[in-house]
Amino acid sequence: MRSNNFRRLFLSTSFFLLIGLNAGLAQDAVKLSDYLKSLEQQFDIRFSYASDAISDISITPTTTANLAANLEYIKARTGLQIKQINARYYSISAPDSIHIVVLDAQSGLPLPNANIRLVDQTTGYTTNASGSSYIPNPAAPIFIQVQYLGYQTQGLNVGPVEFDTVVVQLRPSVDQLEEVLLQPVFTQGIYRTNDGSYRFNTEKFGLLPGIAETDVLQISQTLPGVESVDETVSNVNVRGGSNGENLLLWDGIRVYQSGHFYGLISAINPYITEDVYIYRNGTHSRYGESVSGVIDLKAKDEITDGIHGKATLNLLHANAFIDLPLSKKLSVMIAGRRSLNDLYETPIYNSYSERVFQDTQITNLATPNAQSELKASEDFNFYDLSAKLLFDPTAKDKFRVNFLVINNALTFNQSLSNDAFTLSETSELDQQNIAAGISWQRSWNSKWSSSIEAYRSQYNLDAANFELLTTAFDTQGNEVISFVGRGQLVYRPKNNLQWEAGYEFTETGVTNSDQTTTPEFRRRVKEVLVGHNLFNQLSWNPFQGKTQINAGLRLTHYPKINEYRFEPRLNLHQKLGGGFAVEFHGEFKSQSISQAVAFQNEFLGVENRRWIQANGNEVPLITSKQWSSGLVWNKRNWLINLEYFEKTVDGISATTQGFQNQFANTAAIGSYQVYGLELIINKRWRGLGAWLGYTYSNNDYQFDSFDPQVFANNLDITHSLRTAVSYDLGRFSTVFGLQWRSGKPFTDPLGEALSAIQDDMEIPFNPPNQQRLESFFRADLSFKYIVLDKQTYSLKANAAFQNIFNNNNLLDRYYVSQQIGEDQFAINQIENRSLRFTPNFSLELSF
């Protein structure tokens, strides 16, 4: 009985197994792409392949539940090659082709739309969504370049092979050793790096209050510790230092003229400039010739694969940019901007003119005189032109040629007429910076790279002033010609370790000239200084990147003035966990060229700064030392940074400080010491952002030959606060901001001296800088609307309103004497005021 039951069970089971087997054998074939997707879901993996390579392939699924067996089954049935890239990713390649897989070197994720260029051919390929692309298997080895926006280009040799998968891992173009804190600060496109510097990306830049279009210098003044005491864009005061103590570079070329409209607009075109780096302390050892801040502007540096451009029109100027490919290895970028006031004068032009020309010879001489029928008018214009030629003859070599010209031109016409005669004279002021540079960069292998560069920069400021009523005539000139040659070697034995070393040769000549007819006087002084500089920099990220160390040393020698300088630089960043980190920054720096500041009689009173060269005597080498320490918290879209700093600058000349009191025109050498506290609070939600920046500082001079010896710095701003709220709603964005700061110091006359002075033009002053101006307050507002957003072009409309409450802010107050009788002089109080309510609008077309 049991035997019959067992036999029935065996036959039944066999019958159903055979039916199931036949059903399985009779299962229809499926597309290979669908089968691969099912394996991805089943085993939590990802396949990288080109769709065209497998689109016509079908396969009968296997019943095995083992991944390795499935892969072997596919290879046996299709002839495809499957290669494991990492724990999760696999590549599939076909015979007679090379499979290229492009990944992010840090995350391991695929990079779609990466460009693969066959250097010796005109053919190019693009990776798909899984980072894959196939190129034909060549008969001989070929060299390819792999490019991806925001990543370093990589070149390599491939082929010929029967089966091959080449994995290319690209690193971000921002050096891994200078890791960026990814949360934007203040607005999109502004990032704080772990070495304490700030990076501005003009391509990703959002809105800032009161700015109608990107201004590469105005955005720097959003940072704590960076001010503009006179409200100009180009006059940047970093931690209590003067503008002449900063180093401004454009693609490695020093720029001596930074502003249009005598400081109200940046002279550096934002469209050709891609990144801006602001350093307040702990600068890289490659940077010399500054004792305060460094502003390093980087132009775009990738050869374009198509024609791209921008054009902007606002109420002040027109701006245009074109990025044009000349071949696969050669492209050129050109950007130009020009003022439009000779075509039409807008309210913003009139507002800027009133701000710039107040209390100058332009306004003083233009005062109508009904009796003499004196008439006066000014004609002002500005332009800039930037160009860059990019040539990559091989994947390892980059040649670059840069050119820059900046110009401000002012013509002041006066005429006097009556029934008997007519007199007319023209005064002129021209300011120009022309610079050019050339560089060669080569990557010898994965560890060694080098660069050689040279540039020449020439700055000229010339004025010719005619006094119509007295027929007096005078000319003034200031010229700077600098040449720099630099070579650098970079060695990276590991991803977290880098060493840089280089030599820099500098030759700078500065000429100042004056000529007057009443009384007759002529002066021309030229100083030339040669410098030799060695620099070393070590960057190390140990302990899985939790610690970042940047240490450098710069050695400088000026043979003519017998000066040797050993300047260490240090940055430390240590992550503590929970989003917290501590930092320390320190540096020693020096500079041989600075700006002397005069008033009233320099260049029609419009531009009052002249470059002067250290000569080892009355103009010594300026030196500085600075340290700072801070705490950073960066988590959950919050960024809070609190930093304390101390800085001492020695060897400053009184002529560079712009004294307008008893120390005006006094030759003396001194120093200043500044310490303070800086705070940043930044929070971002989905479309909403809010930030606050605050600085407290104390800034004092010390001149041993003055009485008193210690007193407040002319640039001392005790409290400074900026805050803003931004909102982004798709096509529409807006930002509202407030600025408040305490008033700068000034010196007032003694007691009753405000009435008149007898027998002497000298004004008796109270002790220096004991009084303070009223606090400065301004509210600004900006809007942006994307009118059109097509695949090949876009159109944006911006509106910006400066000082929307029309505050009549006082920027400066000083006193001058004026003869009112044979032996009597009056004291005039002069006040310079800020911009009043000033609107601006712009249209930007991108293609």
# chains A, B, ... in the order shown; residues from 1 in each chain; ligands from 1

call {"tool": "select_by_dssp", "arguments": {"residues": "range 123-367 of chain A", "states": "strand (DSSP E or B)", "output": "ChimeraX atom specification"}}
result
/A:124-126,132-136,142-147,151,154-158,165-170,172,180-184,190-193,198-201,226-227,237-238,247-250,253-254,259-260,265-266,273-279,294-299,308-314,317-325,330-339

call {"tool": "residues_around", "arguments": {"residues": "Thr304 in chain A", "least_positions_apart": "6", "cutoff": "9 Å", "atoms": "only C-alpha atoms", "output": "PyMOL selection string"}}
result
chain A and resi 323-325+328+330-332

call {"tool": "atom_distance", "arguments": {"atom1": "CA of Lys83 in chain A", "atom2": "CA of Val102 in chain A"}}
result
14.3 Å

call {"tool": "residues_around", "arguments": {"residues": "range 347-350 of chain A", "least_positions_apart": "3", "cutoff": "7 Å", "atoms": "only C-alpha atoms", "output": "list in words"}}
result
Leu315, Leu316, Ser353, Glu354, Thr838, Pro839 and Asn840 of chain A

call {"tool": "write_last_selection", "arguments": {"atoms": "N, CA and C atoms", "output": "PDB file, in the first residue's frame"}}
result
ATOM      1  N   LEU A 315      21.311 101.570 -16.965  1.00  0.00           N
ATOM      2  CA  LEU A 315      21.199 103.024 -17.072  1.00  0.00           C
ATOM      3  C   LEU A 315      22.539 103.738 -17.031  1.00  0.00           C
ATOM      4  N   LEU A 316      23.646 102.985 -16.904  1.00  0.00           N
ATOM      5  CA  LEU A 316      24.974 103.583 -16.881  1.00  0.00           C
ATOM      6  C   LEU A 316      25.838 103.169 -18.053  1.00  0.00           C
ATOM      7  N   SER A 353      27.319 111.474 -10.585  1.00  0.00           N
ATOM      8  CA  SER A 353      28.111 112.682 -10.847  1.00  0.00           C
ATOM      9  C   SER A 353      28.108 113.603  -9.640  1.00  0.00           C
ATOM     10  N   GLU A 354      26.943 113.779  -9.039  1.00  0.00           N
ATOM     11  CA  GLU A 354      26.846 114.628  -7.856  1.00  0.00           C
ATOM     12  C   GLU A 354      27.706 114.077  -6.729  1.00  0.00           C
ATOM     13  N   THR A 838      18.979 106.093  -5.334  1.00  0.00           N
ATOM     14  CA  THR A 838      19.520 105.876  -6.685  1.00  0.00           C
ATOM     15  C   THR A 838      18.966 104.577  -7.263  1.00  0.00           C
ATOM     16  N   PRO A 839      18.104 104.653  -8.278  1.00  0.00           N
ATOM     17  CA  PRO A 839      17.588 103.439  -8.922  1.00  0.00           C
ATOM     18  C   PRO A 839      18.439 103.046 -10.124  1.00  0.00           C
ATOM     19  N   ASN A 840      18.426 101.771 -10.440  1.00  0.00           N
ATOM     20  CA  ASN A 840      19.096 101.290 -11.648  1.00  0.00           C
ATOM     21  C   ASN A 840      18.329 100.076 -12.165  1.00  0.00           C
TER      22      ASN A 840
END

call {"tool": "residues_around", "arguments": {"residues": "Gln431 in chain A", "least_positions_apart": "6", "cutoff": "9 Å", "atoms": "only C-alpha atoms", "output": "PyMOL selection string"}}
result
chain A and resi 257+406-410+459-463

call {"tool": "closest_atom_pairs", "arguments": {"of": "range 234-321 of chain A", "to": "range 704-727 of chain A", "cutoff": "8 Å", "atoms": "only C-alpha atoms", "output": "JSON lines"}}
result
{"residue": "A:Asn237", "atom": "CA", "partner": "A:Leu715", "partner_atom": "CA", "distance": 7.9}
{"residue": "A:Gly240", "atom": "CA", "partner": "A:Leu715", "partner_atom": "CA", "distance": 6.1}
{"residue": "A:Gly241", "atom": "CA", "partner": "A:Leu715", "partner_atom": "CA", "distance": 7.5}
{"residue": "A:Ser242", "atom": "CA", "partner": "A:Leu715", "partner_atom": "CA", "distance": 7.6}

call {"tool": "residues_around", "arguments": {"residues": "range 612-620 of chain A", "least_positions_apart": "4", "cutoff": "12 Å", "atoms": "only C-alpha atoms", "output": "ChimeraX atom specification"}}
result
/A:244-245,256,289,477-482,507-513,525-531,558-563,590-597,650-656,666-671

call {"tool": "write_last_selection", "arguments": {"atoms": "C-alpha atoms", "output": "JSON list (two decimals), in the first residue's frame"}}
result
[["chain", "number", "residue", "atom", "x", "y", "z"],
["A", 244, "GLY", "CA", 46.59, 100.85, -1.26],
["A", 245, "GLU", "CA", 47.52, 98.02, 1.11],
["A", 256, "TYR", "CA", 46.49, 99.30, -10.22],
["A", 289, "GLU", "CA", 53.02, 93.04, -2.20],
["A", 477, "GLY", "CA", 51.22, 112.70, -13.65],
["A", 478, "ASN", "CA", 51.51, 109.34, -11.94],
["A", 479, "GLU", "CA", 52.85, 106.28, -13.75],
["A", 480, "VAL", "CA", 53.43, 102.70, -12.61],
["A", 481, "ILE", "CA", 55.13, 100.10, -14.80],
["A", 482, "SER", "CA", 55.57, 96.63, -13.36],
["A", 507, "GLU", "CA", 60.54, 95.03, -11.26],
["A", 508, "THR", "CA", 58.37, 98.05, -10.51],
["A", 509, "GLY", "CA", 58.97, 101.63, -11.56],
["A", 510, "VAL", "CA", 56.90, 104.54, -10.23],
["A", 511, "THR", "CA", 57.07, 108.08, -11.65],
["A", 512, "ASN", "CA", 55.44, 111.18, -10.17],
["A", 513, "SER", "CA", 55.57, 114.51, -11.99],
["A", 525, "VAL", "CA", 60.68, 111.72, -9.48],
["A", 526, "LYS", "CA", 61.15, 108.13, -10.60],
["A", 527, "GLU", "CA", 61.87, 105.16, -8.33],
["A", 528, "VAL", "CA", 62.61, 101.63, -9.61],
["A", 529, "LEU", "CA", 62.77, 98.61, -7.34],
["A", 530, "VAL", "CA", 63.71, 95.02, -8.19],
["A", 531, "GLY", "CA", 62.61, 92.14, -5.97],
["A", 558, "TYR", "CA", 65.12, 93.95, -2.39],
["A", 559, "PRO", "CA", 68.82, 94.60, -3.20],
["A", 560, "LYS", "CA", 68.43, 98.36, -3.76],
["A", 561, "ILE", "CA", 67.11, 99.08, -0.26],
["A", 562, "ASN", "CA", 68.94, 96.12, 1.32],
["A", 563, "GLU", "CA", 65.77, 94.54, 2.70],
["A", 590, "SER", "CA", 55.18, 93.23, 3.24],
["A", 591, "GLN", "CA", 54.79, 95.60, 0.31],
["A", 592, "SER", "CA", 57.03, 98.07, -1.47],
["A", 593, "ILE", "CA", 54.41, 100.15, -3.29],
["A", 594, "SER", "CA", 51.66, 102.19, -1.63],
["A", 595, "GLN", "CA", 49.28, 105.06, -2.31],
["A", 596, "ALA", "CA", 49.89, 108.62, -1.15],
["A", 597, "VAL", "CA", 46.65, 110.49, -0.53],
["A", 650, "ASP", "CA", 54.61, 99.07, 10.50],
["A", 651, "GLY", "CA", 56.38, 101.52, 8.21],
["A", 652, "ILE", "CA", 53.36, 103.49, 7.03],
["A", 653, "SER", "CA", 53.98, 107.03, 5.82],
["A", 654, "ALA", "CA", 51.74, 109.85, 7.03],
["A", 655, "THR", "CA", 51.36, 110.89, 3.38],
["A", 656, "THR", "CA", 49.50, 107.63, 2.64],
["A", 666, "THR", "CA", 53.60, 116.09, 7.31],
["A", 667, "ALA", "CA", 56.31, 113.54, 6.58],
["A", 668, "ALA", "CA", 56.45, 110.94, 9.35],
["A", 669, "ILE", "CA", 56.73, 107.17, 9.65],
["A", 670, "GLY", "CA", 54.47, 105.25, 12.01],
["A", 671, "SER", "CA", 52.25, 102.23, 12.44]]

call {"tool": "residues_around", "arguments": {"residues": "Lys625 in chain A", "least_positions_apart": "3", "cutoff": "10 Å", "atoms": "only C-alpha atoms", "output": "list in words"}}
result
Asn281, Val291, Ser292, Glu567, Pro568, Arg569, Gly586, Glu587, Phe588, Lys589, Ser590, Glu646, Lys647, Thr648, Val649, Asp650 and Gln673 of chain A

call {"tool": "closest_residue", "arguments": {"among": "A:Ser97, A:Thr411, A:Asn314, A:Asn194", "to": "Gly159 in chain A", "atoms": "only C-alpha atoms"}}
result
A:Ser97

call {"tool": "residues_around", "arguments": {"residues": "Glu72 in chain A", "least_positions_apart": "6", "cutoff": "12 Å", "atoms": "only C-alpha atoms", "output": "list in words"}}
result
Thr62, Thr64, Asn66, Thr78, Gly79, Leu80, Gln81, Ile82 and Lys83 of chain A

call {"tool": "write_last_selection", "arguments": {"atoms": "C-alpha atoms", "output": "PDB file, in the first residue's frame"}}
result
ATOM      1  CA  THR A  62      17.982  32.415 -16.237  1.00  0.00           C
ATOM      2  CA  THR A  64      19.562  31.312 -10.940  1.00  0.00           C
ATOM      3  CA  ASN A  66      23.272  34.133  -7.853  1.00  0.00           C
ATOM      4  CA  THR A  78      25.819  37.832 -25.662  1.00  0.00           C
ATOM      5  CA  GLY A  79      29.586  38.030 -26.024  1.00  0.00           C
ATOM      6  CA  LEU A  80      29.600  41.246 -23.978  1.00  0.00           C
ATOM      7  CA  GLN A  81      32.289  41.988 -21.409  1.00  0.00           C
ATOM      8  CA  ILE A  82      31.184  42.823 -17.843  1.00  0.00           C
ATOM      9  CA  LYS A  83      33.639  44.465 -15.461  1.00  0.00           C
TER      10      LYS A  83
END
